[in-house]
Amino acid sequence: MKQKFNVTGMSCASCSAHVEKAVRKLPGVSDVTVSLLTNSMMVEYDENQVQSSDIVRAVQEGGYGAFLPAEPGEKRAAPVRENAAAAEEHSMKHRLIWSFAFLIPLFYLSMGHMMNWPLPGLFLGAENAMTFAFTQFLLCLPILIVNKKYFTGGFKALWHRAPNMDSLIAIGSSAAVVYGVWAIYRIGWGLGHGDLDLVHTYSMDLYFETSGMILALITLGKYLESRSKGKTSEAITRLMALAPKTALVEREGEVVEIPAEEVVRGDILHIKPGQSVPVDGVVVEGDSSVDESALTGESVPVEKHPGDKLTGASVNKNGFLKMRAEKVGEDTALAQIIRLVEEASASKAPIAKLADRVSGVFVPVVIGIALVSALIWLALGYGPAFSISIGIAVLVVSCPCALGLATPTAIMVGTGKGAENGILIKSGEALETAHTADTVVLDKTGTVTEGKLRVTDLIPLAGQSGEELLALAAGMELHSEHPLGEAVVEEANRRGVVPREAGSLTSVPGRGIRTTVDGAEYLAGNRTFLEENQISLANAPQAAVQLEEDGKTVLYFASREKILGLIAAADTIKPTSAQAVQELHDLGLKVVMLTGDSARTAEAIRRRAGIETVIAQVLPDEKEARVRALQEEGRKVIMVGDGINDAPALARADVGIAIGTGTDVAIESADIVLMRGDLRDVVTAIRLSRAVIRNIKQNLFWALCYNSLGIPLAAGLFFIPFALKLNPMFGAAAMSLSSVCVVTNALRLKFFKPLPSACPLPPAGEPQPAAPAVSAGTRLTLSIEGMMCAHCAAHVREALEALPGVTAEVSLEQKSAVVEMRNPVPADSLKKAVADAGYEVVSITE
């Protein structure tokens, strides 16, 4: 099983490495991931070999604390967790205030004589040296007490032979204090024996201010770091805030308000306008538009009617809805999203293993360097004060905080940013691997295309209008369960065409149907079906051949004597697929489409979407083999799909991306889930991956560079040739600043934005209803769908004014065009002009 634990006492990457090592050596533990940023640990283990209590004990024996965040199986409306970042920030702020409250007078007293600052007489002169020294000790003592966590944690870790960042701080500041106490004794001995030179020497080398300054500056850095770390988890915090606290539920004939966590499956809930949906379920009554932007990133509200699904945390905009609860507690989509984002934030990218390996041995090596450096300078005759200051400087400048924060901060901000845009990244490994991909394999149905048949062309013959042909066709197909028939009926409903009354239906599998309308027999089907029934195809237009070559399915409608018309349907390409493919090409990626459709249909979709390679007639169980073949060619493959048959290929690919509107099996098999069915989110996911990895590399580079330069300077390698020596106080400030810089650099990812949307590609061959001619001098208002920007509006105006005698004013805000005609122009011509420009006229009014 996989279990999350909260871990306490960690302060650096070395800590997390030791915790991971302690748990990994337990029998039955197959995987351990420790997050310094979230103070958590994910452990995958065999319950038959090891229990959670054994894992907690192993962490405790390693010098840290661990506990389960909640009882297993506990149900909640959404995951509830302690705001650890806020608690840490509050604690650090308290320690910081008290540290500086005593540091300021300590620093003034210790450095006043050097800076010629005025000091009271009782602190001046050799005769007052004991007062001068002991006052400094008393001012330093509260700083030591308020920051005792560094000492308790540091020495405890040292005792367990797992030294960490706190160990370095504890050793360094303790060394300074111990030397200062020794100096007080030496001052007392000098005063008692009249050795004023000795008194003067030790009065200048007390080092209490060094210890206090180290602790205060590191606490300042920790406070700034805790504030920054809190910002990295803002996405999770905002997601948690979305969960409604209460719900209106029908109980015993009354509507009562109860806590959202008490909603059970099957409850009927009331959702008023402006309220958030408490849980996942299905609309049973009412119509409204629902804002799902918080979960999907889609800003346009979605219309909801009885039978439609509702997702918890979406917002009901205007109408009253009744819904039946289907998923509650931790089964809701919001809870799953939060879980995925938290797990991804806590997971490690492969690049993080470098930092873990370095940090695991870094602290013991630093302690060794500090000790050797101090002994060498002492042996060279530079005295205890100089040697100890060298050792302390090495210890405090080398704390590996920045190294430990380099990866998790970037991953947490990146996964949070992805969640804001409807992209759920399940692990840090997926986030890293995506940036190395060079090939994107796309499933066709439901990924590149809409996944359902839609009428694209309507060609009436034998003197009929388009509406007359559609009314006859819808009547014939009304009780057909074939997808083509359903597409025809849906098109009639969309246009408001009333189907003609038809008699009983006879279906011929693979051919078509036969029925009666007003006592006359009519047929609908493919070309073969008409030929088998001896119906002449002499008046079939040449356009039918072209439609079939375009990959569309042509449905022939005929009486017993002749063809009455043709209706073509196709699984139309999604409006944004072509733009997404172009953007993938711009990123330097090869795009391949896999489909089980015929080569002719696949070729038509390939041309329209701009895909360079298509592999057609692929059986469902062959997709995984095709992906494997690409990998064997040395390619890094991203697979994008939505169906059950895509699951093996998604699992096989280096990175599997599932369309969130697809099946649960595909979503579970994928590494990244797109909440929307928009292929442009694949581009966003890849760009986000590249941005995160670039950020991590920057963080690791500067963290390693800092320590590589800081340690030699602190050890005194530049003292003899250049007289450069690092004061321990400046070393503490630099160490704190490095951690803050790393976290701040990671926060730059919060400014990541998806590419702006271009004009979407309209569906191919949108069928145009017939309409009467409009006389000269008439002023019409056309309601137009599909316009997204000023360029769209300009295209529509140019298309309309290309008609003789037509002037047009197009409003992008109103999604309409006002047309004036000096010559008679058929309304069909207006619609066709707009359709040819790539948009749709949904209504015409005078």
# chains A, B, ... in the order shown; residues from 1 in each chain; ligands from 1
>>> select_by_dssp(residues="stretch 509-597 of chain A", states="alpha helix (DSSP H)", output="number ranges by chain")
A: 527-532, 543-549, 577-586
>>> residues_around(residues="stretch 470-483 of chain A", least_positions_apart="4", cutoff="8 Å", atoms="only C-alpha atoms", output="count of residues only")
17
>>> atom_distance(atom1="atom CA of A:Ala580", atom2="atom CA of A:Ala647")
22.2 Å
>>> residues_around(residues="A:Tyr64", least_positions_apart="6", cutoff="10 Å", atoms="only C-alpha atoms", output="list in words")
Val7, Thr8, Gly9, Met10, Cys15, Ser16, His18, Val19, Val56, Arg57, Ala58, Gly153, Lys156, Ala157 and His160 of chain A
>>> select_by_dssp(residues="stretch 371-534 of chain A", states="strand (DSSP E)", output="short mmCIF file (atom, residue, chain, number, x, y, z; two decimals) with C-alpha atoms, in the first residue's frame")
data_model
loop_
_atom_site.label_atom_id
_atom_site.label_comp_id
_atom_site.auth_asym_id
_atom_site.auth_seq_id
_atom_site.Cartn_x
_atom_site.Cartn_y
_atom_site.Cartn_z
CA ILE A 423 -3.40 20.27 -15.87
CA LEU A 424 -2.88 17.66 -13.15
CA ILE A 425 0.70 16.39 -12.98
CA THR A 439 7.60 12.84 -30.27
CA VAL A 440 3.92 13.30 -29.44
CA VAL A 441 1.54 10.47 -30.38
CA LEU A 442 -2.12 11.48 -30.58
CA ASP A 443 -5.12 9.21 -30.52
CA THR A 449 -11.57 15.00 -33.01
CA GLU A 450 -14.77 15.55 -31.02
CA GLY A 451 -15.37 11.82 -30.67
CA LYS A 452 -18.93 11.90 -32.04
CA LEU A 453 -20.44 12.12 -35.50
CA ARG A 454 -21.82 15.44 -36.63
CA VAL A 455 -23.63 16.43 -39.81
CA THR A 456 -21.21 18.42 -41.96
CA ASP A 457 -22.93 18.67 -45.37
CA LEU A 458 -26.56 18.80 -46.50
CA ILE A 459 -27.24 18.45 -50.25
CA PRO A 460 -30.95 18.44 -51.20
CA THR A 506 -36.62 -2.02 -41.04
CA SER A 507 -32.86 -2.06 -40.56
CA VAL A 508 -30.40 -3.79 -42.87
CA GLY A 512 -29.21 1.19 -44.23
CA ILE A 513 -32.86 1.42 -43.24
CA ARG A 514 -36.24 1.22 -44.94
CA THR A 515 -39.43 2.91 -43.67
CA THR A 516 -42.66 4.57 -44.81
CA VAL A 517 -43.66 8.23 -44.64
CA ALA A 520 -44.74 5.98 -49.38
CA GLU A 521 -41.60 3.88 -48.95
CA TYR A 522 -38.27 5.62 -48.41
CA LEU A 523 -34.74 4.33 -48.05
CA ALA A 524 -31.64 5.67 -46.32
CA GLY A 525 -28.19 4.15 -46.42
#
>>> residues_around(residues="A:Leu371", least_positions_apart="6", cutoff="12 Å", atoms="only C-alpha atoms", output="PyMOL selection string")
chain A and resi 168+171-172+175+364-365+377-378+387-395+715
>>> write_last_selection(atoms="N, CA and C atoms", output="PDB file, in the first residue's frame")
ATOM      1  N   LEU A 168      25.330  21.924  11.962  1.00  0.00           N
ATOM      2  CA  LEU A 168      26.352  22.916  11.616  1.00  0.00           C
ATOM      3  C   LEU A 168      26.155  24.195  12.406  1.00  0.00           C
ATOM      4  N   ILE A 171      26.932  23.558  16.193  1.00  0.00           N
ATOM      5  CA  ILE A 171      28.375  23.446  16.472  1.00  0.00           C
ATOM      6  C   ILE A 171      29.043  24.812  16.347  1.00  0.00           C
ATOM      7  N   GLY A 172      28.720  25.542  15.274  1.00  0.00           N
ATOM      8  CA  GLY A 172      29.354  26.837  15.045  1.00  0.00           C
ATOM      9  C   GLY A 172      29.039  27.843  16.137  1.00  0.00           C
ATOM     10  N   ALA A 175      30.480  26.772  19.525  1.00  0.00           N
ATOM     11  CA  ALA A 175      31.929  27.008  19.592  1.00  0.00           C
ATOM     12  C   ALA A 175      32.215  28.464  19.934  1.00  0.00           C
ATOM     13  N   PRO A 364      28.646  15.834   6.958  1.00  0.00           N
ATOM     14  CA  PRO A 364      29.850  15.266   7.600  1.00  0.00           C
ATOM     15  C   PRO A 364      31.150  15.782   6.983  1.00  0.00           C
ATOM     16  N   VAL A 365      31.148  15.959   5.662  1.00  0.00           N
ATOM     17  CA  VAL A 365      32.345  16.471   4.997  1.00  0.00           C
ATOM     18  C   VAL A 365      32.638  17.898   5.449  1.00  0.00           C
ATOM     19  N   TRP A 377      45.232  26.201  10.739  1.00  0.00           N
ATOM     20  CA  TRP A 377      45.559  27.596  11.066  1.00  0.00           C
ATOM     21  C   TRP A 377      46.135  27.707  12.474  1.00  0.00           C
ATOM     22  N   LEU A 378      45.676  26.848  13.373  1.00  0.00           N
ATOM     23  CA  LEU A 378      46.240  26.846  14.717  1.00  0.00           C
ATOM     24  C   LEU A 378      47.703  26.389  14.680  1.00  0.00           C
ATOM     25  N   SER A 387      41.711  30.732  14.508  1.00  0.00           N
ATOM     26  CA  SER A 387      41.410  29.371  14.056  1.00  0.00           C
ATOM     27  C   SER A 387      39.944  29.017  14.282  1.00  0.00           C
ATOM     28  N   ILE A 388      39.424  29.400  15.445  1.00  0.00           N
ATOM     29  CA  ILE A 388      38.020  29.095  15.738  1.00  0.00           C
ATOM     30  C   ILE A 388      37.098  29.873  14.795  1.00  0.00           C
ATOM     31  N   SER A 389      37.436  31.111  14.493  1.00  0.00           N
ATOM     32  CA  SER A 389      36.597  31.896  13.581  1.00  0.00           C
ATOM     33  C   SER A 389      36.580  31.279  12.187  1.00  0.00           C
ATOM     34  N   ILE A 390      37.703  30.680  11.768  1.00  0.00           N
ATOM     35  CA  ILE A 390      37.757  29.984  10.476  1.00  0.00           C
ATOM     36  C   ILE A 390      36.804  28.780  10.497  1.00  0.00           C
ATOM     37  N   GLY A 391      36.889  27.982  11.553  1.00  0.00           N
ATOM     38  CA  GLY A 391      36.028  26.796  11.667  1.00  0.00           C
ATOM     39  C   GLY A 391      34.555  27.160  11.685  1.00  0.00           C
ATOM     40  N   ILE A 392      34.215  28.211  12.448  1.00  0.00           N
ATOM     41  CA  ILE A 392      32.819  28.642  12.543  1.00  0.00           C
ATOM     42  C   ILE A 392      32.326  29.132  11.184  1.00  0.00           C
ATOM     43  N   ALA A 393      33.158  29.886  10.479  1.00  0.00           N
ATOM     44  CA  ALA A 393      32.767  30.417   9.163  1.00  0.00           C
ATOM     45  C   ALA A 393      32.482  29.286   8.188  1.00  0.00           C
ATOM     46  N   VAL A 394      33.321  28.245   8.191  1.00  0.00           N
ATOM     47  CA  VAL A 394      33.094  27.100   7.300  1.00  0.00           C
ATOM     48  C   VAL A 394      31.767  26.433   7.626  1.00  0.00           C
ATOM     49  N   LEU A 395      31.484  26.263   8.914  1.00  0.00           N
ATOM     50  CA  LEU A 395      30.252  25.583   9.320  1.00  0.00           C
ATOM     51  C   LEU A 395      29.003  26.344   8.873  1.00  0.00           C
ATOM     52  N   ALA A 715      37.323  28.866   4.613  1.00  0.00           N
ATOM     53  CA  ALA A 715      38.455  28.092   5.147  1.00  0.00           C
ATOM     54  C   ALA A 715      39.757  28.888   5.160  1.00  0.00           C
TER      55      ALA A 715
END
>>> closest_residue(among="A:Ser465, A:Thr447, A:Ser559, A:Gln814", to="A:Gly641", atoms="only C-alpha atoms")
A:Thr447
>>> closest_residue(among="A:Glu548, A:Glu798, A:Pro278, A:Ala101", to="A:Asp836", atoms="only C-alpha atoms")
A:Glu798
>>> atom_distance(atom1="atom CA of A:Met41", atom2="atom CA of A:Val59")
10.5 Å
>>> atom_distance(atom1="atom CA of A:Leu566", atom2="atom CA of A:Ala540")
8.4 Å
>>> residues_around(residues="A:Ser174", least_positions_apart="5", cutoff="12 Å", atoms="only C-alpha atoms", output="PyMOL selection string")
chain A and resi 140-141+144+148+150-152+154-155+166-169+179-181+207-208+210-212+214-215+388-389+391-392+395-396
>>> closest_residue(among="A:Glu532, A:Ala568, A:Val397, A:Glu252", to="A:Gln546", atoms="only C-alpha atoms")
A:Ala568
>>> closest_residue(among="A:Glu330, A:Gln534, A:Gly192, A:Ser276", to="A:Thr311", atoms="only C-alpha atoms")
A:Ser276
>>> residues_around(residues="A:Arg527", least_positions_apart="6", cutoff="10 Å", atoms="only C-alpha atoms", output="count of residues only")
10
